[in-house]
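coords18.cif follows; it contains mmCIF, C-alpha atoms.
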data_upload
loop_
_atom_site.label_atom_id
_atom_site.label_comp_id
_atom_site.auth_asym_id
_atom_site.auth_seq_id
_atom_site.Cartn_x
_atom_site.Cartn_y
_atom_site.Cartn_z
CA MET X 258 0.00 0.00 0.00
CA SER X 259 2.76 2.43 0.90
CA ALA X 260 4.54 1.74 -2.39
CA VAL X 261 1.45 2.67 -4.32
CA LEU X 262 0.96 5.83 -2.30
CA HIS X 263 4.54 6.94 -2.93
CA ALA X 264 4.45 6.12 -6.62
CA HIS X 265 1.24 8.01 -7.32
CA PRO X 266 2.59 11.60 -6.97
CA GLU X 267 5.47 10.81 -9.30
CA SER X 268 3.18 9.40 -12.02
CA GLY X 269 1.96 12.87 -12.95
CA PRO X 270 5.29 14.37 -14.07
CA ALA X 271 6.25 11.05 -15.66
CA LEU X 272 3.24 11.26 -17.97
CA GLY X 273 3.92 14.91 -18.74
CA ILE X 274 0.77 16.23 -17.00
CA GLU X 275 1.29 19.47 -15.14
CA GLU X 276 -0.99 20.57 -12.40
CA GLY X 277 -3.40 23.31 -13.55
CA LYS X 278 -2.86 22.83 -17.28
CA PRO X 279 -6.33 21.32 -18.02
CA ARG X 280 -7.86 24.24 -16.16
CA ARG X 281 -6.02 26.72 -18.39
CA VAL X 282 -7.11 24.84 -21.52
CA LEU X 283 -10.75 24.97 -20.42
CA SER X 284 -10.40 28.65 -19.64
CA GLU X 285 -9.03 29.39 -23.12
CA ALA X 286 -11.87 27.39 -24.70
CA GLY X 287 -14.37 29.32 -22.62
CA MET X 288 -12.87 32.62 -23.75
CA ARG X 289 -13.12 31.56 -27.41
CA GLY X 290 -16.76 30.65 -26.82
CA ARG X 291 -17.42 34.05 -25.29
CA TRP X 292 -15.86 35.81 -28.27
CA TRP X 293 -18.04 33.83 -30.69
CA ARG X 294 -21.14 34.69 -28.68
CA PHE X 295 -20.12 38.35 -28.63
CA VAL X 296 -19.62 38.41 -32.41
CA LEU X 297 -22.96 36.67 -32.97
CA ILE X 298 -24.82 39.10 -30.70
CA LEU X 299 -23.07 42.03 -32.39
CA ALA X 300 -24.13 40.78 -35.84
CA ILE X 301 -27.75 40.30 -34.75
CA THR X 302 -27.78 43.76 -33.16
CA ALA X 303 -26.42 45.30 -36.36
CA VAL X 304 -29.07 43.55 -38.46
CA VAL X 305 -31.78 44.97 -36.19
CA LEU X 306 -30.41 48.48 -35.66
CA VAL X 307 -28.95 49.35 -39.06
CA PRO X 308 -32.36 49.72 -40.81
CA ILE X 309 -33.57 51.93 -37.95
CA LEU X 310 -30.43 54.05 -38.15
CA VAL X 311 -30.78 54.41 -41.93
CA THR X 312 -34.43 55.43 -41.53
CA VAL X 313 -33.53 58.14 -38.99
CA ILE X 314 -30.67 59.47 -41.16
CA LEU X 315 -32.83 59.63 -44.30
CA ALA X 316 -35.62 61.35 -42.36
CA PHE X 317 -33.28 64.24 -41.54
CA THR X 318 -31.48 64.31 -44.90
CA PRO X 319 -32.59 67.02 -47.37
CA GLY X 320 -34.81 65.77 -50.19
CA PRO X 321 -34.00 66.00 -53.91
CA ASN X 322 -35.82 69.34 -54.31
CA SER X 323 -34.55 70.85 -51.06
CA THR X 324 -32.10 73.72 -50.79
CA ALA X 325 -31.05 72.81 -47.24
CA THR X 326 -27.63 71.36 -46.46
CA GLY X 327 -26.70 68.87 -43.77
CA LEU X 328 -29.23 67.43 -41.38
CA THR X 329 -32.55 69.26 -41.37
CA PHE X 330 -36.06 69.08 -39.91
CA GLU X 331 -37.53 70.14 -43.23
CA ASN X 332 -38.94 66.69 -44.02
CA LEU X 333 -40.82 66.49 -40.72
CA SER X 334 -42.10 70.03 -41.17
CA ASN X 335 -43.36 69.26 -44.68
CA VAL X 336 -45.06 66.07 -43.57
CA PHE X 337 -47.07 67.84 -40.88
CA SER X 338 -47.79 70.99 -42.90
CA LYS X 339 -48.59 69.50 -46.32
CA THR X 340 -50.24 66.20 -45.38
CA LEU X 341 -52.73 64.88 -42.82
CA ALA X 342 -49.96 63.44 -40.64
CA ALA X 343 -51.23 65.25 -37.52
CA THR X 344 -54.72 63.78 -38.05
CA TRP X 345 -53.28 60.30 -38.64
CA LEU X 346 -51.23 60.60 -35.47
CA LYS X 347 -54.31 61.62 -33.49
CA ASN X 348 -56.32 58.71 -34.91
CA SER X 349 -53.59 56.24 -34.01
CA LEU X 350 -53.34 57.61 -30.48
CA ILE X 351 -57.11 57.43 -29.98
CA THR X 352 -57.46 53.84 -31.17
CA THR X 353 -54.31 52.66 -29.39
CA LEU X 354 -55.07 54.25 -26.01
CA ALA X 355 -58.68 53.02 -26.12
CA THR X 356 -57.45 49.51 -26.95
CA VAL X 357 -54.97 49.54 -24.08
CA LEU X 358 -57.46 50.81 -21.48
CA VAL X 359 -60.28 48.45 -22.43
CA SER X 360 -57.99 45.44 -22.85
CA VAL X 361 -56.35 45.84 -19.45
CA ALA X 362 -59.64 46.67 -17.71
CA VAL X 363 -61.28 43.50 -19.03
CA ALA X 364 -58.27 41.16 -19.07
CA ALA X 365 -57.29 41.81 -15.43
CA PRO X 366 -60.48 40.45 -13.77
CA ALA X 367 -60.83 37.75 -16.44
CA GLY X 368 -57.25 36.62 -15.83
CA TYR X 369 -57.92 36.62 -12.07
CA VAL X 370 -60.85 34.26 -12.56
CA LEU X 371 -58.72 31.95 -14.73
CA SER X 372 -55.94 32.00 -12.14
CA ARG X 373 -58.05 31.40 -9.04
CA GLY X 374 -61.07 29.55 -10.46
CA ARG X 375 -61.15 25.76 -10.28
CA SER X 376 -64.47 24.82 -11.91
CA LYS X 377 -65.30 23.05 -15.17
CA ALA X 378 -66.76 26.24 -16.61
CA VAL X 379 -63.52 28.13 -15.98
CA SER X 380 -61.43 25.30 -17.45
CA GLY X 381 -63.66 25.23 -20.53
CA TYR X 382 -63.42 28.99 -20.93
CA SER X 383 -59.63 28.77 -20.58
CA LEU X 384 -59.48 26.12 -23.31
CA LEU X 385 -61.71 28.26 -25.55
CA LEU X 386 -59.35 31.22 -25.13
CA PHE X 387 -56.39 29.01 -25.98
CA VAL X 388 -58.06 27.87 -29.22
CA MET X 389 -59.14 31.40 -30.16
CA GLN X 390 -55.69 32.92 -29.69
CA SER X 391 -54.22 30.32 -32.07
CA LEU X 392 -56.39 31.60 -34.93
CA PRO X 393 -54.88 34.38 -37.08
CA ILE X 394 -56.84 37.63 -37.32
CA ILE X 395 -57.05 37.30 -41.10
CA THR X 396 -59.57 34.45 -40.71
CA SER X 397 -62.13 36.81 -39.18
CA VAL X 398 -61.50 40.01 -41.16
CA VAL X 399 -63.96 39.29 -43.99
CA PRO X 400 -66.86 38.14 -41.73
CA LEU X 401 -66.28 41.11 -39.46
CA PHE X 402 -66.28 43.47 -42.44
CA ILE X 403 -69.67 42.14 -43.58
CA LEU X 404 -71.05 42.40 -40.04
CA PHE X 405 -69.65 45.89 -39.38
CA ALA X 406 -70.82 47.17 -42.78
CA GLY X 407 -74.41 46.51 -41.72
CA MET X 408 -73.82 48.28 -38.41
CA GLY X 409 -72.17 51.36 -39.90
CA LEU X 410 -68.80 50.64 -38.29
CA VAL X 411 -66.74 50.47 -41.49
CA ASP X 412 -64.50 53.50 -42.05
CA ASN X 413 -64.98 54.25 -38.39
CA LEU X 414 -62.42 54.47 -35.59
CA MET X 415 -64.83 52.87 -33.12
CA GLY X 416 -65.20 49.79 -35.30
CA LEU X 417 -61.42 49.57 -35.68
CA THR X 418 -60.95 49.85 -31.91
CA ILE X 419 -63.50 47.08 -31.27
CA ILE X 420 -61.53 44.75 -33.53
CA TYR X 421 -58.25 45.65 -31.82
CA VAL X 422 -59.74 45.00 -28.39
CA GLY X 423 -61.15 41.66 -29.51
CA SER X 424 -57.88 40.56 -31.09
CA THR X 425 -55.83 41.42 -27.98
CA MET X 426 -58.27 40.12 -25.38
CA THR X 427 -57.37 36.42 -25.47
CA VAL X 428 -53.61 36.88 -25.20
CA ALA X 429 -54.01 39.70 -22.67
CA THR X 430 -56.19 37.48 -20.46
CA TRP X 431 -53.65 34.68 -20.61
CA MET X 432 -50.82 37.07 -19.76
CA MET X 433 -52.66 38.40 -16.72
CA ALA X 434 -53.62 34.90 -15.55
CA ALA X 435 -50.00 33.74 -15.83
CA TYR X 436 -48.81 36.65 -13.69
CA PHE X 437 -51.57 36.20 -11.10
CA ASP X 438 -50.44 32.57 -10.73
CA SER X 439 -47.11 33.85 -9.38
CA ILE X 440 -48.81 35.81 -6.58
CA PRO X 441 -49.25 33.68 -3.41
CA ILE X 442 -52.87 33.23 -2.46
CA SER X 443 -51.82 33.61 1.20
CA LEU X 444 -51.71 37.38 0.63
CA GLU X 445 -55.39 37.37 -0.29
CA GLU X 446 -56.28 35.05 2.58
CA ALA X 447 -54.64 37.47 4.98
CA SER X 448 -56.72 40.33 3.59
CA TRP X 449 -59.90 38.23 3.88
CA ILE X 450 -59.13 37.59 7.53
CA ASP X 451 -58.81 41.35 8.01
CA GLY X 452 -62.34 41.78 6.60
CA CYS X 453 -61.56 42.58 2.97
CA SER X 454 -63.96 41.34 0.27
CA VAL X 455 -62.90 39.29 -2.74
CA PHE X 456 -63.09 42.33 -5.00
CA GLY X 457 -61.28 44.43 -2.40
CA SER X 458 -58.43 41.93 -2.11
CA PHE X 459 -58.23 41.79 -5.91
CA THR X 460 -57.88 45.56 -6.27
CA LYS X 461 -55.86 46.32 -3.14
CA VAL X 462 -53.63 43.26 -2.94
CA VAL X 463 -53.42 41.41 -6.26
CA LEU X 464 -53.37 44.39 -8.63
CA ARG X 465 -50.97 46.35 -6.45
CA ASN X 466 -48.48 43.47 -6.70
CA SER X 467 -49.10 42.97 -10.42
CA LEU X 468 -47.71 46.18 -11.89
CA PRO X 469 -45.14 44.43 -14.16
CA GLY X 470 -47.85 42.06 -15.44
CA VAL X 471 -50.29 44.89 -16.09
CA LEU X 472 -47.63 46.91 -17.90
CA SER X 473 -46.61 43.91 -20.02
CA THR X 474 -50.23 43.40 -21.06
CA ALA X 475 -50.68 47.10 -21.78
CA ILE X 476 -47.52 47.21 -23.91
CA PHE X 477 -48.65 44.14 -25.86
CA ALA X 478 -52.01 45.78 -26.63
CA PHE X 479 -50.28 49.07 -27.43
CA LEU X 480 -47.90 47.55 -29.98
CA LEU X 481 -50.60 45.46 -31.65
CA ALA X 482 -52.91 48.45 -32.16
CA TRP X 483 -50.15 50.95 -32.97
CA ASN X 484 -48.43 48.86 -35.66
CA ASP X 485 -51.48 47.26 -37.27
CA TYR X 486 -51.84 47.65 -41.01
CA LEU X 487 -53.82 44.61 -42.17
CA VAL X 488 -57.07 45.38 -40.34
CA ALA X 489 -56.81 49.12 -41.01
CA ILE X 490 -56.45 48.70 -44.78
CA VAL X 491 -59.63 46.60 -44.87
CA PHE X 492 -61.84 48.77 -42.66
CA LEU X 493 -60.64 52.31 -43.38
CA ARG X 494 -61.48 54.21 -46.57
CA SER X 495 -61.20 57.97 -45.96
CA ASN X 496 -57.90 59.82 -45.63
CA GLU X 497 -59.23 61.66 -42.59
CA ILE X 498 -59.76 58.34 -40.77
CA PHE X 499 -56.37 56.80 -41.62
CA THR X 500 -54.00 55.71 -38.88
CA LEU X 501 -50.24 56.20 -39.18
CA PRO X 502 -49.47 52.86 -40.92
CA MET X 503 -52.12 53.70 -43.53
CA GLY X 504 -50.67 57.19 -43.82
CA VAL X 505 -47.21 55.82 -44.57
CA GLN X 506 -48.69 53.57 -47.25
CA SER X 507 -50.36 56.55 -48.93
CA PHE X 508 -46.94 57.93 -49.95
CA PHE X 509 -46.28 54.88 -52.13
CA GLN X 510 -47.61 55.75 -55.58
CA GLN X 511 -47.76 53.58 -58.68
CA ASN X 512 -44.71 55.01 -60.43
CA ALA X 513 -42.98 57.01 -57.69
CA THR X 514 -42.43 57.05 -53.95
CA ASP X 515 -41.85 60.07 -51.74
CA TRP X 516 -39.09 58.47 -49.66
CA THR X 517 -38.30 61.55 -47.58
CA SER X 518 -41.92 61.75 -46.39
CA VAL X 519 -42.01 57.99 -45.81
CA MET X 520 -38.91 58.11 -43.62
CA ALA X 521 -40.06 61.20 -41.74
CA LEU X 522 -43.42 59.62 -40.92
CA ALA X 523 -41.67 56.37 -40.00
CA VAL X 524 -39.63 58.26 -37.40
CA VAL X 525 -42.86 59.73 -36.02
CA MET X 526 -44.25 56.19 -35.75
CA MET X 527 -41.17 54.98 -33.88
CA LEU X 528 -41.21 57.71 -31.24
CA PRO X 529 -44.24 56.65 -29.10
CA PRO X 530 -43.08 53.02 -28.57
CA VAL X 531 -39.58 54.26 -27.69
CA ILE X 532 -41.02 56.77 -25.21
CA VAL X 533 -43.32 54.15 -23.68
CA PHE X 534 -40.51 51.62 -23.17
CA ALA X 535 -38.09 54.24 -21.86
CA THR X 536 -40.67 55.56 -19.38
CA LEU X 537 -42.02 52.22 -18.11
CA ASN X 538 -38.73 50.32 -18.01
CA LYS X 539 -38.04 51.25 -14.38
CA TYR X 540 -41.37 49.73 -13.26
CA PHE X 541 -40.43 46.25 -14.48
CA SER X 542 -38.94 44.60 -11.41
CA VAL X 543 -38.75 41.12 -10.02
CA GLY X 544 -38.94 40.00 -6.45
CA GLY X 545 -41.35 42.65 -5.21
CA ILE X 546 -43.87 40.03 -4.15
CA GLY X 547 -41.41 38.16 -2.00
CA GLY X 548 -41.11 41.15 0.33
CA SER X 549 -44.83 40.99 1.03
CA LEU X 550 -44.34 37.59 2.67
CA ALA X 551 -41.56 38.70 5.03
CA GLY X 552 -42.16 37.56 8.57
CA ARG X 553 -44.91 35.12 7.68
#

Serialized structure, structure tokens:
Amino acid sequence: MSAVLHAHPESGPALGIEEGKPRRVLSEAGMRGRWWRFVLILAITAVVLVPILVTVILAFTPGPNSTATGLTFENLSNVFSKTLAATWLKNSLITTLATVLVSVAVAAPAGYVLSRGRSKAVSGYSLLLFVMQSLPIITSVVPLFILFAGMGLVDNLMGLTIIYVGSTMTVATWMMAAYFDSIPISLEEASWIDGCSVFGSFTKVVLRNSLPGVLSTAIFAFLLAWNDYLVAIVFLRSNEIFTLPMGVQSFFQQNATDWTSVMALAVVMMLPPVIVFATLNKYFSVGGIGGSLAGR
């Protein structure tokens, strides 16, 4: 036994294996892997950001008939003074904000029922929502157009908003239900013991701890309504009722395209989502619920 124990330390140098060398080899391989990941992420970022950067540069570049030099706000000024861009912006804001408010107001209690309910009716409703959200909106555009034409809701912002709310409702409800599942029911039970009603615990306890979930749902509804083009092109006819995506499309003519106006209006379309994300980013936090259970 002692001979084996004495021979073992000498076997390493005899085989040419130095202590720590495998660790250095693994470290070098890990560094190469990090560099490849960095290059891949950089390439993906460039693919995403370069078109946006080109759009912004062209929006502030003088047009072919302009006398300005260097970067200029002339394109934006012309878009708002010579077209209905201000009206299109107002229409988009109206439909988008209405969609966000109604979607969140309806999806929050509906998601609460899906999260806390344990009956066959709730399970059936949950399955129905799952099936409905898997259907593309294009499948219902033509039937809805026929229905809304008889109700006078074609070429109408109210009709467009109703469709946006309906198309966001299923996913919004599922998003709210998934976030409510992460909130311990013990918080509600504690409020019930203190005399709070079910609705009171929902508004004062559940919703107050669900700000990231509510904001995620609101942003989803905002982006769907703000960027939609397919539904708008079917239901809108008049220039005065156009939303911003329809307004951008109006600059594309059969034989020519006003690219400076297109890029300027595209920059206007990009600003609200950027502002929304920059403003609400600080409210997305994790771990806020855990503090509510301290000491329990």

* To do: Rank X:Met432, X:Met527, X:Met408, X:Ile498 by their smallest atom-to-atom distance to X:Ala478, using all atoms listed in the file, and report the top residue only.
  =>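 Distance minimum relative to X:Ala478 lands on X:Met432.
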
* Quick one: of X:Val411, X:Val370, X:Val388, X:Leu417, who's nearest to X:Phe437, counting all atoms listed in the file? -> X:Val370

* Around the point (-44.6, 64.8, -51.1) in the file's coordinates, collect all residues with an atom within 10 Å, using all atoms listed in the file, and return them as a VMD selection string. => chain X and resid 320 332 335 to 336 339 to 340 508 514 to 519

* To do: Just give me the gap between atom CA of X:Ala489 and atom CA of X:Val471 in Å, one decimal is fine.
  =>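 Computing it gives 26.1 Å between the two atoms.
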
* Asked: Using only C-alpha atoms, which residues sit within 12 Å of X:Phe405 once same-chain residues fewer than 6 positions away are excluded, as a list in words?
  ->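 Near neighbours after the sequence-gap exclusion: Ser397, Val398, Val399, Val411, Asp412, Asn413, Leu414, Met415, Gly416, Leu417, Ile419, Ile420, Val491, Phe492 and Leu493 of chain X.
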
* **the PyMOL selection byres ((chain X and resi 346-356) around 10) applied to the shown file, residues as an NGL selection string** => :X and (337 or 341-345 or 357-362 or 414-426 or 475 or 478-485 or 497-504 or 522 or 525-526 or 529)

* To do: Take the point (-60.3, 40.6, -19.6) in the file's coordinates, draw a sphere of radius 9 Å around it, and report as a list in words every protein, DNA or RNA residue with an atom inside or on it, counting all atoms listed in the file.
  =>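 Residues close enough to count: Val359, Ser360, Val361, Ala362, Val363, Ala364, Ala365, Pro366, Ala367, Gly368, Tyr369, Met426, Thr427, Ala429, Thr430, Trp431 and Met433 of chain X.
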
Quick one: write out the picked residues with C-alpha atoms as a short mmCIF file (atom, residue, chain, number, x, y, z; two decimals), keeping the file's coordinate frame?
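Produced file result_18.cif, reproduced below:
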data_model
loop_
_atom_site.label_atom_id
_atom_site.label_comp_id
_atom_site.auth_asym_id
_atom_site.auth_seq_id
_atom_site.Cartn_x
_atom_site.Cartn_y
_atom_site.Cartn_z
CA VAL X 359 -60.28 48.45 -22.43
CA SER X 360 -57.99 45.44 -22.85
CA VAL X 361 -56.35 45.84 -19.45
CA ALA X 362 -59.64 46.67 -17.71
CA VAL X 363 -61.28 43.50 -19.03
CA ALA X 364 -58.27 41.16 -19.07
CA ALA X 365 -57.29 41.81 -15.43
CA PRO X 366 -60.48 40.45 -13.77
CA ALA X 367 -60.83 37.75 -16.44
CA GLY X 368 -57.25 36.62 -15.83
CA TYR X 369 -57.92 36.62 -12.07
CA MET X 426 -58.27 40.12 -25.38
CA THR X 427 -57.37 36.42 -25.47
CA ALA X 429 -54.01 39.70 -22.67
CA THR X 430 -56.19 37.48 -20.46
CA TRP X 431 -53.65 34.68 -20.61
CA MET X 433 -52.66 38.40 -16.72
#

* To do: Give me, please, the distance in Å between atom CA of X:Arg373 and atom CA of X:Leu392, quoted to one decimal.
  =>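 Between these atoms lies a distance of 25.9 Å.
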
* Could you tell me how far atom CA of X:Pro308 lies from atom CA of X:Leu328, in Å and to one decimal? =>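 Those two atoms sit 18.0 Å apart.
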
* Asked: Do you know which residues are at most 12 Å from X:Ala447 counting all atoms listed in the file, after dropping those on the same chain fewer than 3 positions away, and could you put them as a PyMOL selection string?
  -> chain X and resi 441-444+450-455+458+462-463+549-550+553
